[in-house]
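Reading through the structure tokens given below for one structure.
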Amino acid sequence: MAKILIPTALRQFTEQQDAVEVTGATVGEALAALTAQYPNIKKNLFNEQGKLRSFVNVYVNDEDIRYMDKDATELEGNETISIVPSIAGGSTAVAEPQAAALSNEEVARYSRHLILPEVGMEGQLKLKQAKVALIGAGGLGAPLGLYLAAAGVGRIGIVDFDVVDASNLQRQVIHGTRDLGRKKLDSAADRMRDINPNIAIDKFDTGLSSENALEILREYDVVVDGTDNFPTRYLVNDACVLLKKPNVYGSIFRFEGQATVFAYQDGPCYRCLYPEPPPPGLVPSCAEGGVLGILPGLIGLVQATEAVKIVLGIGETLKNRLLLYDALSMRFRELRLRRDRDCPVCGEHPTVTRLIDYQEFCGVRPMASEAVPTDGAIDVTEVKKKLDRGDDFVLIDVREPHEYQIARIPGARLIPLGELPKHLNELDSDADIVAHCKSGARSQKAVDLLKQNGFRNVRNMTGGILAWSDKVDPTVPKY
């Protein structure tokens, strides 16, 4: 009997089970047993040809099966199989070079560092002269900015173009209520300077892109990835490999986090772990799936620690190791990473020698990760008219029960997306059906599923319940 650990992103397909015990002589047989027990998880693990998807890695204990016998890897019966999917982070004021000395005020400020033999005066001067680029000032960027500033990193570049929203404050502790509506760049910089007025901050009020990434990141010693989307993750990775800069990686989702160091001292890069991104919409964002507010604090602090260790040249970094954290069970696990000799970016014969169009690579349109097709769509105002007229139609809410408790549309029937296949026989295939979710992304999946099963008159309510709150009923809370 082998135990398969189910990551948070896939537990909706296993009835919220975090571990499933299966029988099988090989990894392939064990995964087949898993998908036989939970058929809806199959499409998230395997492509149409039955091959394991490239954005899903499988480990037996702490070994990647790609470097063993793949799905033919034999099991003795008591192994732990881990499924590790990828999880869905104006003008520039350039600082003057730092003087290689500490003032009396700085000696007092950093005294607890200075009495550490591993840091001392020499190490603190290294931090003062260091240049670290921080991609994003959101969930991960918040603790990163606070602690890199407090540690005395002399020059910190922040890349962000977003503004502070009320929903950010549950986890983005670098911003406050008084900062609502402000640029995150300005809010973060003010807080960091308040912590440590001795540092210099470069503000890049822009999204990182193929056109500006190399120019922006070239001047920094270490790049810390605090992004929240796949196009920017791959962009940061490729830019770091091309520039030979270490990439301190972190990602979060619901109650789980990952951290490692990529592209450092001949170690693997992000593409060695995840050669290709998942299809758009398959891995929900934190806005769709949620995130424990404390989680980015912990993962961000791991990243900050790794960045400081790299600058100081001390300790053992996470290079070649992927740190996994599960807040619900309060467990840390560690898996081995290896550099892929055939990696298209950092391999022996790289095929990616310049930055590419990462929106196209990830299959999304620029600035529209939540966009849904307009074909077969219906506006929220039209849905309201149908309800007011008493039209004969079915309004299906495909969100999760806990979301339904937050906000709902009267008359909507709750059928979570993951459970929809089990309820198809309860719906009339000839009925007029409208599906909705939070923003329109999940409900588009529901529409596609219904159409594939012979439902002819199905439409997606564009913008979801957020648009309903904006255009129809502002008393419905937004989350």
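Scheme for the structure tokens: letters A, B, ... for chains in order shown; per-chain residue numbers from 1; ligand numbers from 1 in order shown.
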
For Val173 of chain A: contacts at 8 Å, only C-alpha atoms, fewer than 6 positions along chain excluded, given as a JSON list (two decimals) with C-alpha atoms, in the first residue's frame:
```
[["chain", "number", "residue", "atom", "x", "y", "z"],
["A", 139, "GLY", "CA", 1.66, 38.93, -0.57],
["A", 142, "ALA", "CA", 5.35, 42.45, 1.73],
["A", 143, "PRO", "CA", 7.51, 40.42, 4.16]]
```

Hey, which bits of segment 259-347 of chain A sit within 7 Å of segment 226-243 of chain A, and for each residue what's the closest pair of atoms and how far apart in Å (one decimal), counting only C-alpha atoms, rows by chain and increasing number, as a Markdown table?
```
| residue | atom | partner | partner_atom | distance |
| --- | --- | --- | --- | --- |
| A:Ala263 | CA | A:Val241 | CA | 5.8 |
| A:Cys269 | CA | A:Asn237 | CA | 6.8 |
| A:Tyr270 | CA | A:Asn237 | CA | 6.1 |
| A:Pro277 | CA | A:Phe230 | CA | 6.7 |
| A:Val345 | CA | A:Asp238 | CA | 6.6 |
| A:Cys346 | CA | A:Val241 | CA | 6.6 |
```

Written selection (N, CA, C and O atoms) as a PDB file, in the first residue's frame:
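Saved as out33.pdb:
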```
ATOM      1  N   ALA A 263      18.650  28.821 -10.621  1.00  0.00           N
ATOM      2  CA  ALA A 263      19.684  29.476 -11.447  1.00  0.00           C
ATOM      3  C   ALA A 263      20.842  30.001 -10.608  1.00  0.00           C
ATOM      4  O   ALA A 263      21.342  31.105 -10.818  1.00  0.00           O
ATOM      5  N   CYS A 269      16.938  25.460 -12.921  1.00  0.00           N
ATOM      6  CA  CYS A 269      16.098  26.643 -13.029  1.00  0.00           C
ATOM      7  C   CYS A 269      14.633  26.225 -12.922  1.00  0.00           C
ATOM      8  O   CYS A 269      14.319  25.040 -12.808  1.00  0.00           O
ATOM      9  N   TYR A 270      13.738  27.196 -12.977  1.00  0.00           N
ATOM     10  CA  TYR A 270      12.310  26.916 -12.826  1.00  0.00           C
ATOM     11  C   TYR A 270      11.808  25.968 -13.907  1.00  0.00           C
ATOM     12  O   TYR A 270      10.964  25.117 -13.663  1.00  0.00           O
ATOM     13  N   PRO A 277       3.966  25.631 -18.613  1.00  0.00           N
ATOM     14  CA  PRO A 277       2.927  26.071 -17.673  1.00  0.00           C
ATOM     15  C   PRO A 277       1.656  25.264 -17.863  1.00  0.00           C
ATOM     16  O   PRO A 277       1.444  24.659 -18.920  1.00  0.00           O
ATOM     17  N   VAL A 345      16.394  26.293 -21.445  1.00  0.00           N
ATOM     18  CA  VAL A 345      16.984  27.565 -21.032  1.00  0.00           C
ATOM     19  C   VAL A 345      18.372  27.385 -20.420  1.00  0.00           C
ATOM     20  O   VAL A 345      19.328  28.057 -20.814  1.00  0.00           O
ATOM     21  N   CYS A 346      18.485  26.448 -19.445  1.00  0.00           N
ATOM     22  CA  CYS A 346      19.767  26.304 -18.752  1.00  0.00           C
ATOM     23  C   CYS A 346      20.469  24.987 -19.074  1.00  0.00           C
ATOM     24  O   CYS A 346      21.491  24.663 -18.469  1.00  0.00           O
TER      25      CYS A 346
END
```

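Close contacts of Arg339 of chain A, defined as residues with an atom at most 12 Å away when counting only C-alpha atoms, with chain neighbours fewer than 3 positions off set aside, comprise Asp64, Arg66, Tyr67, Phe262, Ala263, Tyr264, Gln265, Asp266, Gly267, Pro268, Cys269, Tyr270, Arg271, Cys272, Leu273, Tyr274, Pro275, Lys319, Asn320, Arg321, Arg336, Asp342, Cys343, Pro344, Val345, Cys346, Gly347 and Glu348 of chain A.
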
Output for the residues just chosen: N, CA, C and O atoms as a CSV table (one decimal), in the first residue's frame:
```
chain,number,residue,atom,x,y,z
A,64,ASP,N,12.6,12.4,-7.7
A,64,ASP,CA,11.8,12.8,-8.8
A,64,ASP,C,11.8,11.5,-9.8
A,64,ASP,O,12.9,11.0,-10.2
A,66,ARG,N,11.3,11.3,-12.8
A,66,ARG,CA,11.9,11.6,-14.1
A,66,ARG,C,13.3,11.1,-14.2
A,66,ARG,O,13.8,10.8,-15.2
A,67,TYR,N,13.9,11.0,-13.0
A,67,TYR,CA,15.3,10.6,-12.9
A,67,TYR,C,15.4,9.1,-12.4
A,67,TYR,O,16.5,8.7,-12.0
A,262,PHE,N,16.6,29.1,-7.6
A,262,PHE,CA,16.9,28.7,-9.0
A,262,PHE,C,18.1,29.4,-9.6
A,262,PHE,O,18.4,30.5,-9.2
A,263,ALA,N,18.6,28.8,-10.6
A,263,ALA,CA,19.7,29.5,-11.4
A,263,ALA,C,20.8,30.0,-10.6
A,263,ALA,O,21.3,31.1,-10.8
A,264,TYR,N,21.3,29.2,-9.7
A,264,TYR,CA,22.4,29.6,-8.8
A,264,TYR,C,23.5,28.6,-8.7
A,264,TYR,O,23.2,27.4,-8.5
A,265,GLN,N,24.7,29.0,-9.0
A,265,GLN,CA,25.8,28.1,-9.0
A,265,GLN,C,25.6,26.8,-9.7
A,265,GLN,O,25.7,25.7,-9.2
A,266,ASP,N,25.2,26.9,-11.0
A,266,ASP,CA,24.9,25.7,-11.8
A,266,ASP,C,23.8,24.8,-11.3
A,266,ASP,O,23.7,23.7,-11.7
A,267,GLY,N,22.9,25.4,-10.5
A,267,GLY,CA,21.8,24.6,-10.1
A,267,GLY,C,20.6,24.7,-11.1
A,267,GLY,O,20.7,25.4,-12.1
A,268,PRO,N,19.6,24.0,-10.9
A,268,PRO,CA,18.4,23.9,-11.8
A,268,PRO,C,17.7,25.3,-11.9
A,268,PRO,O,17.8,26.1,-10.9
A,269,CYS,N,16.9,25.5,-12.9
A,269,CYS,CA,16.1,26.6,-13.0
A,269,CYS,C,14.6,26.2,-12.9
A,269,CYS,O,14.3,25.0,-12.8
A,270,TYR,N,13.7,27.2,-13.0
A,270,TYR,CA,12.3,26.9,-12.8
A,270,TYR,C,11.8,26.0,-13.9
A,270,TYR,O,11.0,25.1,-13.7
A,271,ARG,N,12.4,26.1,-15.1
A,271,ARG,CA,11.9,25.2,-16.2
A,271,ARG,C,12.4,23.8,-16.0
A,271,ARG,O,11.8,22.9,-16.6
A,272,CYS,N,13.4,23.6,-15.3
A,272,CYS,CA,13.9,22.2,-15.0
A,272,CYS,C,12.8,21.5,-14.1
A,272,CYS,O,12.6,20.3,-14.3
A,273,LEU,N,12.1,22.3,-13.3
A,273,LEU,CA,11.0,21.7,-12.5
A,273,LEU,C,9.7,21.7,-13.2
A,273,LEU,O,9.0,20.6,-13.2
A,274,TYR,N,9.4,22.8,-13.9
A,274,TYR,CA,8.1,22.9,-14.6
A,274,TYR,C,8.4,23.3,-16.1
A,274,TYR,O,8.5,24.5,-16.3
A,275,PRO,N,8.7,22.4,-17.0
A,275,PRO,CA,9.1,22.8,-18.4
A,275,PRO,C,8.0,23.6,-19.1
A,275,PRO,O,8.4,24.5,-19.8
A,319,LYS,N,19.3,25.7,-3.0
A,319,LYS,CA,19.6,25.2,-4.4
A,319,LYS,C,19.6,23.7,-4.4
A,319,LYS,O,20.0,23.0,-3.4
A,320,ASN,N,18.9,23.1,-5.4
A,320,ASN,CA,18.8,21.7,-5.5
A,320,ASN,C,17.8,21.1,-4.6
A,320,ASN,O,17.6,19.8,-4.5
A,321,ARG,N,17.0,21.9,-3.8
A,321,ARG,CA,16.0,21.4,-2.9
A,321,ARG,C,14.8,22.3,-3.0
A,321,ARG,O,14.8,23.5,-3.1
A,336,ARG,N,14.2,16.7,-3.6
A,336,ARG,CA,15.4,17.0,-4.4
A,336,ARG,C,15.1,17.5,-5.8
A,336,ARG,O,14.2,17.1,-6.4
A,342,ASP,N,18.5,18.7,-20.7
A,342,ASP,CA,17.8,19.1,-21.9
A,342,ASP,C,16.9,20.3,-21.7
A,342,ASP,O,16.1,20.6,-22.5
A,343,CYS,N,17.1,21.0,-20.6
A,343,CYS,CA,16.3,22.2,-20.3
A,343,CYS,C,16.5,23.2,-21.5
A,343,CYS,O,17.7,23.5,-21.8
A,344,PRO,N,15.4,23.8,-22.0
A,344,PRO,CA,15.6,24.7,-23.1
A,344,PRO,C,16.2,26.0,-22.8
A,344,PRO,O,16.7,26.8,-23.6
A,345,VAL,N,16.4,26.3,-21.4
A,345,VAL,CA,17.0,27.6,-21.0
A,345,VAL,C,18.4,27.4,-20.4
A,345,VAL,O,19.3,28.1,-20.8
A,346,CYS,N,18.5,26.4,-19.4
A,346,CYS,CA,19.8,26.3,-18.8
A,346,CYS,C,20.5,25.0,-19.1
A,346,CYS,O,21.5,24.7,-18.5
A,347,GLY,N,19.9,24.2,-20.0
A,347,GLY,CA,20.5,22.9,-20.4
A,347,GLY,C,21.8,23.1,-21.2
A,347,GLY,O,22.3,24.2,-21.4
A,348,GLU,N,22.3,21.9,-21.6
A,348,GLU,CA,23.6,21.9,-22.3
A,348,GLU,C,23.5,22.5,-23.7
A,348,GLU,O,24.5,23.0,-24.2
```

DSSP strand (DSSP E) selection over segment 206-414 of chain A, as a ChimeraX atom specification: /A:222-225,247-253,256-262,321-326,331-336,377-378,394-397,413-414

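A straight line drawn from atom CA of Lys478 of chain A to atom CA of Ala166 of chain A is 10.1 Å long.
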
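Among A:Pro117, A:Gly250, A:Gly24, A:Gly289, the residue with the shortest atom-to-atom distance to Thr8 of chain A, counting only C-alpha atoms, is A:Gly289.
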
Those in segment 282-363 of chain A with alpha helix (DSSP H) from DSSP, as a PyMOL selection string: chain A and resi 286-289+295-312+358-361

Writing out the chosen residues with N, CA, C and O atoms as an mmCIF file, in the first residue's frame:
```cif
data_model
loop_
_atom_site.group_PDB
_atom_site.id
_atom_site.type_symbol
_atom_site.label_atom_id
_atom_site.label_comp_id
_atom_site.auth_asym_id
_atom_site.auth_seq_id
_atom_site.Cartn_x
_atom_site.Cartn_y
_atom_site.Cartn_z
ATOM 1 N N CYS A 286 -4.889 32.859 -6.501
ATOM 2 C CA CYS A 286 -5.269 33.088 -5.108
ATOM 3 C C CYS A 286 -6.591 33.845 -5.024
ATOM 4 O O CYS A 286 -7.348 33.682 -4.068
ATOM 5 N N ALA A 287 -6.884 34.695 -6.031
ATOM 6 C CA ALA A 287 -8.147 35.423 -6.031
ATOM 7 C C ALA A 287 -9.323 34.468 -6.173
ATOM 8 O O ALA A 287 -10.399 34.709 -5.639
ATOM 9 N N GLU A 288 -9.128 33.359 -6.881
ATOM 10 C CA GLU A 288 -10.182 32.365 -7.055
ATOM 11 C C GLU A 288 -10.170 31.320 -5.942
ATOM 12 O O GLU A 288 -11.214 30.900 -5.457
ATOM 13 N N GLY A 289 -8.976 30.864 -5.567
ATOM 14 C CA GLY A 289 -8.878 29.761 -4.622
ATOM 15 C C GLY A 289 -8.651 30.175 -3.183
ATOM 16 O O GLY A 289 -8.849 29.383 -2.274
ATOM 17 N N LEU A 295 0.244 32.763 5.430
ATOM 18 C CA LEU A 295 1.110 31.918 4.600
ATOM 19 C C LEU A 295 2.173 32.692 3.829
ATOM 20 O O LEU A 295 3.354 32.318 3.858
ATOM 21 N N PRO A 296 1.837 33.792 3.106
ATOM 22 C CA PRO A 296 2.896 34.503 2.396
ATOM 23 C C PRO A 296 3.946 35.089 3.322
ATOM 24 O O PRO A 296 5.095 35.274 2.909
ATOM 25 N N GLY A 297 3.568 35.364 4.564
ATOM 26 C CA GLY A 297 4.564 35.841 5.517
ATOM 27 C C GLY A 297 5.651 34.810 5.745
ATOM 28 O O GLY A 297 6.842 35.109 5.711
ATOM 29 N N LEU A 298 5.227 33.564 5.941
ATOM 30 C CA LEU A 298 6.203 32.514 6.207
ATOM 31 C C LEU A 298 7.073 32.231 4.982
ATOM 32 O O LEU A 298 8.300 32.182 5.071
ATOM 33 N N ILE A 299 6.439 32.059 3.815
ATOM 34 C CA ILE A 299 7.209 31.756 2.612
ATOM 35 C C ILE A 299 8.083 32.942 2.224
ATOM 36 O O ILE A 299 9.241 32.778 1.816
ATOM 37 N N GLY A 300 7.554 34.166 2.365
ATOM 38 C CA GLY A 300 8.362 35.345 2.068
ATOM 39 C C GLY A 300 9.581 35.460 2.965
ATOM 40 O O GLY A 300 10.656 35.873 2.527
ATOM 41 N N LEU A 301 9.438 35.065 4.222
ATOM 42 C CA LEU A 301 10.587 35.103 5.130
ATOM 43 C C LEU A 301 11.630 34.059 4.756
ATOM 44 O O LEU A 301 12.829 34.288 4.916
ATOM 45 N N VAL A 302 11.189 32.908 4.263
ATOM 46 C CA VAL A 302 12.145 31.918 3.752
ATOM 47 C C VAL A 302 12.922 32.517 2.588
ATOM 48 O O VAL A 302 14.146 32.400 2.497
ATOM 49 N N GLN A 303 12.217 33.194 1.681
ATOM 50 C CA GLN A 303 12.882 33.821 0.545
ATOM 51 C C GLN A 303 13.862 34.903 1.000
ATOM 52 O O GLN A 303 14.980 34.997 0.474
ATOM 53 N N ALA A 304 13.431 35.723 1.946
ATOM 54 C CA ALA A 304 14.321 36.780 2.443
ATOM 55 C C ALA A 304 15.571 36.183 3.076
ATOM 56 O O ALA A 304 16.686 36.694 2.881
ATOM 57 N N THR A 305 15.396 35.097 3.809
ATOM 58 C CA THR A 305 16.541 34.429 4.425
ATOM 59 C C THR A 305 17.517 33.920 3.375
ATOM 60 O O THR A 305 18.740 34.088 3.501
ATOM 61 N N GLU A 306 16.975 33.304 2.320
ATOM 62 C CA GLU A 306 17.832 32.787 1.253
ATOM 63 C C GLU A 306 18.572 33.922 0.545
ATOM 64 O O GLU A 306 19.757 33.786 0.212
ATOM 65 N N ALA A 307 17.892 35.035 0.309
ATOM 66 C CA ALA A 307 18.533 36.171 -0.353
ATOM 67 C C ALA A 307 19.688 36.710 0.484
ATOM 68 O O ALA A 307 20.777 36.994 -0.039
ATOM 69 N N VAL A 308 19.471 36.844 1.783
ATOM 70 C CA VAL A 308 20.521 37.349 2.669
ATOM 71 C C VAL A 308 21.688 36.367 2.731
ATOM 72 O O VAL A 308 22.866 36.768 2.712
ATOM 73 N N LYS A 309 21.416 35.067 2.794
ATOM 74 C CA LYS A 309 22.486 34.067 2.812
ATOM 75 C C LYS A 309 23.321 34.122 1.529
ATOM 76 O O LYS A 309 24.536 33.968 1.566
ATOM 77 N N ILE A 310 22.649 34.327 0.394
ATOM 78 C CA ILE A 310 23.387 34.421 -0.874
ATOM 79 C C ILE A 310 24.301 35.637 -0.863
ATOM 80 O O ILE A 310 25.470 35.563 -1.271
ATOM 81 N N VAL A 311 23.787 36.767 -0.389
ATOM 82 C CA VAL A 311 24.608 37.978 -0.315
ATOM 83 C C VAL A 311 25.801 37.774 0.603
ATOM 84 O O VAL A 311 26.938 38.146 0.278
ATOM 85 N N LEU A 312 25.565 37.156 1.746
ATOM 86 C CA LEU A 312 26.639 36.955 2.727
ATOM 87 C C LEU A 312 27.566 35.806 2.356
ATOM 88 O O LEU A 312 28.700 35.725 2.848
ATOM 89 N N TYR A 358 5.845 35.743 -23.242
ATOM 90 C CA TYR A 358 5.449 34.799 -22.199
ATOM 91 C C TYR A 358 3.931 34.706 -22.046
ATOM 92 O O TYR A 358 3.438 33.699 -21.544
ATOM 93 N N GLN A 359 3.201 35.729 -22.455
ATOM 94 C CA GLN A 359 1.747 35.609 -22.457
ATOM 95 C C GLN A 359 1.328 34.531 -23.447
ATOM 96 O O GLN A 359 0.485 33.683 -23.150
ATOM 97 N N GLU A 360 1.934 34.562 -24.623
ATOM 98 C CA GLU A 360 1.614 33.545 -25.625
ATOM 99 C C GLU A 360 2.090 32.174 -25.170
ATOM 100 O O GLU A 360 1.387 31.169 -25.339
ATOM 101 N N PHE A 361 3.290 32.103 -24.566
ATOM 102 C CA PHE A 361 3.833 30.836 -24.088
ATOM 103 C C PHE A 361 2.907 30.198 -23.064
ATOM 104 O O PHE A 361 2.707 28.980 -23.044
#
```
